Each structure stands twice: as C-alpha cells, then as structure tokens.
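Colleague: What follows is data-v3.cif, made up of mmCIF, C-alpha atoms and all ligand atoms:
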```
data_protein
loop_
_atom_site.label_atom_id
_atom_site.label_comp_id
_atom_site.auth_asym_id
_atom_site.auth_seq_id
_atom_site.Cartn_x
_atom_site.Cartn_y
_atom_site.Cartn_z
CA MET A 1 -157.96 19.05 18.57
CA ILE A 2 -155.34 18.36 21.21
CA ASP A 3 -156.61 17.77 24.73
CA TYR A 4 -153.77 19.55 26.52
CA ALA A 5 -154.92 18.62 30.02
CA ALA A 6 -155.08 14.93 29.09
CA GLU A 7 -151.67 15.15 27.45
CA LEU A 8 -150.10 16.72 30.52
CA ALA A 9 -151.76 14.23 32.88
CA LYS A 10 -150.26 11.42 30.79
CA TYR A 11 -146.79 12.95 30.85
CA SER A 12 -147.08 13.63 34.61
CA ARG A 13 -147.36 9.90 35.18
CA ILE A 14 -144.40 9.24 32.91
CA LEU A 15 -142.30 11.86 34.74
CA GLU A 16 -143.01 10.22 38.08
CA GLN A 17 -142.32 6.75 36.68
CA LYS A 18 -138.93 8.05 35.61
CA SER A 19 -138.31 9.52 39.10
CA LEU A 20 -138.01 13.02 37.66
CA VAL A 21 -140.85 14.39 39.82
CA THR A 22 -142.75 13.35 42.98
CA GLY A 23 -145.94 14.51 44.69
CA LEU A 24 -144.12 17.29 46.51
CA GLU A 25 -141.30 18.09 44.15
CA GLY A 26 -141.06 19.14 40.54
CA ASN A 27 -143.71 20.16 38.02
CA ALA A 28 -144.41 20.27 34.33
CA SER A 29 -146.38 22.43 31.94
CA ILE A 30 -147.38 22.76 28.31
CA ILE A 31 -148.71 25.80 26.49
CA ASP A 32 -151.36 26.08 23.80
CA ARG A 33 -149.96 28.91 21.70
CA GLU A 34 -153.26 29.36 19.87
CA THR A 35 -155.29 30.20 22.97
CA GLY A 36 -152.35 31.33 25.11
CA LEU A 37 -153.47 28.98 27.89
CA THR A 38 -150.83 27.23 29.98
CA TYR A 39 -151.53 23.83 31.54
CA ILE A 40 -149.53 23.02 34.67
CA THR A 41 -149.44 20.15 37.14
CA PRO A 42 -151.30 20.80 40.42
CA SER A 43 -149.56 21.49 43.68
CA ARG A 44 -149.01 18.67 46.19
CA ARG A 45 -150.62 15.89 44.20
CA MET A 46 -148.84 12.69 43.30
CA LYS A 47 -148.05 13.08 39.61
CA MET A 48 -148.90 9.42 39.13
CA LEU A 49 -152.50 10.12 40.24
CA VAL A 50 -153.07 13.36 38.33
CA GLU A 51 -156.24 13.27 36.22
CA PRO A 52 -156.88 15.70 33.33
CA GLU A 53 -159.52 17.65 35.31
CA MET A 54 -156.97 18.35 38.08
CA ILE A 55 -154.53 20.10 35.72
CA ALA A 56 -154.45 23.86 36.46
CA VAL A 57 -155.26 25.99 33.41
CA MET A 58 -153.76 29.49 33.44
CA ASP A 59 -154.64 32.41 31.18
CA LYS A 60 -152.16 34.92 29.71
CA ASP A 61 -152.53 37.19 32.75
CA GLY A 62 -151.65 34.46 35.24
CA ASN A 63 -155.21 33.78 36.44
CA GLN A 64 -156.24 30.18 37.01
CA VAL A 65 -159.24 29.64 34.73
CA GLY A 66 -159.63 25.87 34.96
CA GLY A 67 -158.69 22.67 36.77
CA THR A 68 -159.60 21.46 40.26
CA GLY A 69 -155.98 21.41 41.44
CA LYS A 70 -154.16 24.50 42.70
CA ARG A 71 -151.49 25.67 40.30
CA SER A 72 -147.94 24.77 41.20
CA SER A 73 -146.19 27.40 43.33
CA GLU A 74 -143.46 27.48 40.70
CA TYR A 75 -145.86 28.62 37.98
CA LEU A 76 -144.14 32.04 37.78
CA LEU A 77 -141.05 30.33 36.46
CA HIS A 78 -143.02 28.63 33.67
CA GLU A 79 -144.86 31.86 32.82
CA ALA A 80 -141.58 33.79 32.51
CA VAL A 81 -140.05 31.20 30.17
CA TYR A 82 -143.12 31.06 27.91
CA LYS A 83 -143.19 34.87 27.69
CA ALA A 84 -139.50 35.10 26.86
CA ARG A 85 -139.38 32.15 24.49
CA PRO A 86 -142.16 31.83 21.88
CA ASP A 87 -140.45 28.69 20.55
CA VAL A 88 -140.91 26.79 23.83
CA GLY A 89 -143.99 24.56 24.12
CA ALA A 90 -143.21 22.46 27.19
CA ILE A 91 -141.28 22.81 30.45
CA VAL A 92 -140.13 20.27 33.04
CA HIS A 93 -138.90 21.41 36.43
CA SER A 94 -137.20 18.65 38.41
CA HIS A 95 -135.15 18.18 41.56
CA CYS A 96 -133.45 15.14 39.98
CA PRO A 97 -130.53 14.46 42.33
CA TYR A 98 -127.41 14.26 40.17
CA LEU A 99 -128.02 17.56 38.37
CA THR A 100 -129.54 19.21 41.44
CA ALA A 101 -126.32 18.46 43.32
CA TYR A 102 -124.62 21.03 41.05
CA ALA A 103 -127.44 23.52 41.71
CA ILE A 104 -127.01 23.06 45.46
CA ARG A 105 -123.31 23.92 45.05
CA TYR A 106 -124.21 26.87 42.75
CA GLN A 107 -122.01 25.35 40.11
CA ASP A 108 -122.50 25.30 36.33
CA PHE A 109 -122.62 21.81 34.84
CA GLU A 110 -120.19 21.32 32.00
CA VAL A 111 -120.17 18.35 29.61
CA PRO A 112 -116.52 17.38 28.98
CA GLU A 113 -115.20 18.38 25.55
CA ASP A 114 -114.28 14.85 24.50
CA CYS A 115 -117.72 13.45 25.20
CA SER A 116 -120.29 12.64 22.50
CA LEU A 117 -123.08 14.24 24.51
CA ARG A 118 -121.46 17.61 23.68
CA LEU A 119 -123.42 17.40 20.41
CA VAL A 120 -126.59 17.91 22.46
CA PHE A 121 -125.44 19.71 25.62
CA GLN A 122 -122.47 21.89 26.46
CA ARG A 123 -123.08 23.82 29.66
CA PHE A 124 -125.96 24.25 32.08
CA THR A 125 -125.73 27.66 33.72
CA CYS A 126 -126.63 27.89 37.40
CA LEU A 127 -128.79 30.88 38.36
CA PRO A 128 -128.45 32.62 41.73
CA TYR A 129 -130.86 31.64 44.50
CA GLY A 130 -134.42 32.91 44.08
CA ARG A 131 -137.17 32.33 46.62
CA ASN A 132 -139.89 29.93 45.52
CA GLY A 133 -143.20 31.60 44.67
CA THR A 134 -141.59 34.94 43.82
CA HIS A 135 -140.26 36.40 40.57
CA ASP A 136 -136.73 36.02 41.98
CA ILE A 137 -136.91 32.34 41.06
CA HIS A 138 -136.53 33.04 37.33
CA ARG A 139 -134.17 36.02 37.37
CA GLY A 140 -131.64 35.52 34.55
CA ILE A 141 -133.35 32.43 33.10
CA GLU A 142 -133.79 33.90 29.63
CA LYS A 143 -130.05 34.28 29.22
CA ALA A 144 -129.28 30.93 30.85
CA LEU A 145 -131.53 29.17 28.31
CA GLU A 146 -130.20 31.10 25.32
CA ASN A 147 -127.86 28.35 24.16
CA SER A 148 -129.06 25.40 26.19
CA PRO A 149 -132.40 23.65 26.78
CA ILE A 150 -131.45 23.16 30.45
CA CYS A 151 -130.39 25.46 33.27
CA LEU A 152 -129.95 25.06 37.02
CA LEU A 153 -131.73 27.03 39.75
CA GLY A 154 -129.22 27.82 42.50
CA GLY A 155 -129.87 25.92 45.74
CA HIS A 156 -132.94 24.35 44.17
CA GLY A 157 -133.18 22.24 41.00
CA VAL A 158 -133.29 22.00 37.22
CA VAL A 159 -135.38 23.49 34.38
CA CYS A 160 -135.64 21.89 30.95
CA VAL A 161 -137.49 23.41 27.98
CA SER A 162 -138.38 22.19 24.52
CA THR A 163 -140.91 22.52 21.75
CA ASP A 164 -142.90 19.58 23.16
CA MET A 165 -143.09 17.47 26.30
CA GLU A 166 -141.80 14.23 24.80
CA ASP A 167 -138.62 15.98 23.73
CA ALA A 168 -138.24 17.85 27.05
CA ILE A 169 -138.46 14.57 28.99
CA GLY A 170 -135.91 12.95 26.68
CA LEU A 171 -133.51 15.86 27.20
CA ILE A 172 -133.70 16.01 30.99
CA GLU A 173 -133.52 12.24 31.25
CA ALA A 174 -130.36 12.19 29.14
CA ALA A 175 -128.80 15.07 31.10
CA GLU A 176 -129.59 13.53 34.49
CA GLY A 177 -128.33 10.13 33.29
CA PHE A 178 -125.09 11.72 32.16
CA ALA A 179 -124.65 13.58 35.46
CA LYS A 180 -125.05 10.21 37.19
CA THR A 181 -122.46 8.59 34.92
CA LEU A 182 -120.08 11.44 35.63
CA TYR A 183 -120.58 10.89 39.34
CA ILE A 184 -119.78 7.18 38.96
CA THR A 185 -116.58 7.95 37.03
CA LYS A 186 -115.47 10.23 39.86
CA HIS A 187 -116.27 7.76 42.61
CA ASN A 188 -114.90 4.53 41.17
ZN ZN A 201 -138.62 23.16 42.59
#
```
When written as structure tokens, how does the structure in this file appear?
Ligand SMILES: [Zn+2]

Modeller:
Amino acid sequence: MIDYAAELAKYSRILEQKSLVTGLEGNASIIDRETGLTYITPSRRMKMLVEPEMIAVMDKDGNQVGGTGKRSSEYLLHEAVYKARPDVGAIVHSHCPYLTAYAIRYQDFEVPEDCSLRLVFQRFTCLPYGRNGTHDIHRGIEKALENSPICLLGGHGVVCVSTDMEDAIGLIEAAEGFAKTLYITKHN
C-alpha cells in the first residue's frame, strides 16, 4: 500500500531542493483515486521540514480529515484540477521565476517552433488574474490544461500536472530551465 503522506513529504523536500517551492510560496499535492483523498502540503511550513503527519488530507467534499498542518490556501486550485481531470494524479504549483515572469506580464509562454522541446511542450496559456483562496484562481484552467501539462496563473505563478509527482517535477523543471535559457539568449 502506498503511504501517500510519506510520498508527498519526500517530494516536498525535493521540490524545495530544486528551488521550485519555498516555505511561503508554492505547493504540491497527490491524489489517491481509490479513496478520493487528496494529500497537499501544509500552509506556511518549509517544504524541506515537512513530515508525513503534517501533510493535509482532504476528502472529496473539501473537508480536511487528516494532517496536523493547515491545508494550503491554494487547495481549491488542486481540487478543481482533480475534479476536471481524472487522469491527473499529481500537481505542482510554483512561483518559479522565469516562467512566473510571463504570468506577471499575463503573457502565454510559447516554445519556439525550431526547438526540440516542442516535442514535449508547445504553449503555456496564461489565465486571467484570480484572487488566491477563491474559486477565481482556477477559472479557465480545464481548457488551459487541455493540450499542455502546464499553464500560467495571471499575475501569480505556474501549475503543472501529471499522472505522478516524479513526472510532474520533471516537467516543471524542464519548462523552467528552458524559460531560463530563453532569457539568457535574449540578454546575451
Ligand atoms: Zn501561488
């Protein structure tokens, strides 16, 4: 049996090591499709120090049913994606700077046509601004993730989804790395 809380605590540390999240910013979740329970990183705790018992466990109706930590304020975003996408098993939300720069400008991120990364990513759609902690934050996300594992939240950050957390981290790491490379090509 998979210990989902232990898995997420492990990946929380990895996400912070990779500078994709911090204590204050970003969050991650995984869902157990058998029980319908979602496991999400706690609010305002350094991801590096998150222990399995601190992981917030949420039931299908959005009630916290386990974990000593308070669920992330951006839980509504995760809940909306899991409801809309039965194929998604893990979500990373990051304020990683090179991709978030596009979100702050409310600009879609486009991978150039003659670039090998186009095999994995084409375009990351930027959603309009939605206030944190409200359902506005995920308005339009279903469509934005239709043909891409990543979308941008206007004025805010990045969302990456996949079947599992290892894959989601690999995707957002590659996308953020590429956004950084693109920045270097423009400023050299
Ligand atoms: Zn955020």

Colleague: Which one of A:Val158, A:Ile104, A:Leu15, A:Leu8 sits closest to A:Pro42 if you count all atoms listed in the file?

Modeller: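 So, comparing all the options, the nearest one is A:Leu8.
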
Colleague: Rank A:Gly62, A:Glu166, A:Leu24, A:Pro112 by their smallest atom-to-atom distance to A:Tyr11, using all atoms listed in the file, and report the top residue only.

Modeller: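 Counting all atoms listed in the file, the residue closest to A:Tyr11 is A:Glu166.
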
Colleague: Would you name the residues within 10 Å of ligand ZN 201 (chain A), counting all atoms listed in the file, and put them as an MDAnalysis selection string?

Modeller: chainID A and resid 21 24:27 72:74 77 93:96 100 132:133 137 153 155:159

Colleague: A:Ala9, A:Pro86, A:Gln17, A:Gly23: which is nearest A:Ala56, counting all atoms listed in the file?

Modeller: A:Ala9

Colleague: Place a sphere of radius 10 Å on (-159.5, 14.9, 35.4) in the file coordinates and name every protein, DNA or RNA residue with an atom inside or on its surface, counting only C-alpha atoms; give the answer as a VMD selection string.

Modeller: chain A and resid 5 to 6 9 49 to 55 67 to 69

Colleague: Find the spatial neighbours of A:Glu34, counting all atoms listed in the file, within a cut-off of 12 Å - ignore same-chain residues fewer than 3 positions away - and output them as an mmCIF file with C-alpha atoms, keeping the file's coordinate frame.

Modeller:
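Okay, this is what ended up in result_27.cif:
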```
data_model
loop_
_atom_site.group_PDB
_atom_site.id
_atom_site.type_symbol
_atom_site.label_atom_id
_atom_site.label_comp_id
_atom_site.auth_asym_id
_atom_site.auth_seq_id
_atom_site.Cartn_x
_atom_site.Cartn_y
_atom_site.Cartn_z
ATOM 1 C CA MET A 1 -157.960 19.050 18.570
ATOM 2 C CA ILE A 2 -155.340 18.360 21.210
ATOM 3 C CA TYR A 4 -153.770 19.550 26.520
ATOM 4 C CA ILE A 31 -148.710 25.800 26.490
ATOM 5 C CA LEU A 37 -153.470 28.980 27.890
ATOM 6 C CA THR A 38 -150.830 27.230 29.980
ATOM 7 C CA ASP A 59 -154.640 32.410 31.180
ATOM 8 C CA LYS A 60 -152.160 34.920 29.710
ATOM 9 C CA PRO A 86 -142.160 31.830 21.880
ATOM 10 C CA GLY A 89 -143.990 24.560 24.120
#
```

Colleague: How far is it from atom CA of A:Arg45 to atom CA of A:Tyr129, in Å with one decimal?

Modeller: 25.3 Å

Colleague: Excluding same-chain residues fewer than 4 positions from A:Cys160, what lies within 7 Å of it counting only C-alpha atoms, as an MDAnalysis selection string?

Modeller: chainID A and resid 91:93 149:151 168 172

Colleague: Please report the interatomic distance between atom CA of A:Arg118 and atom CA of A:Tyr106 in Å with one decimal.

Modeller: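 If I compute the distance from atom CA of A:Arg118 to atom CA of A:Tyr106, I get 21.4 Å.
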
Colleague: Rounded to one decimal place, report the atom CA of A:Ala80-atom CA of A:Val120 distance in Å.

Modeller: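 Between atom CA of A:Ala80 and atom CA of A:Val120 the gap works out to 24.0 Å.
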
Colleague: Point out the residue among A:Gly140, A:Gly130, A:Gly66, A:Gly154 with the least atom-to-atom distance to A:Gln107, counting only C-alpha atoms.

Modeller: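 Under the stated criterion, the closest residue is A:Gly154.
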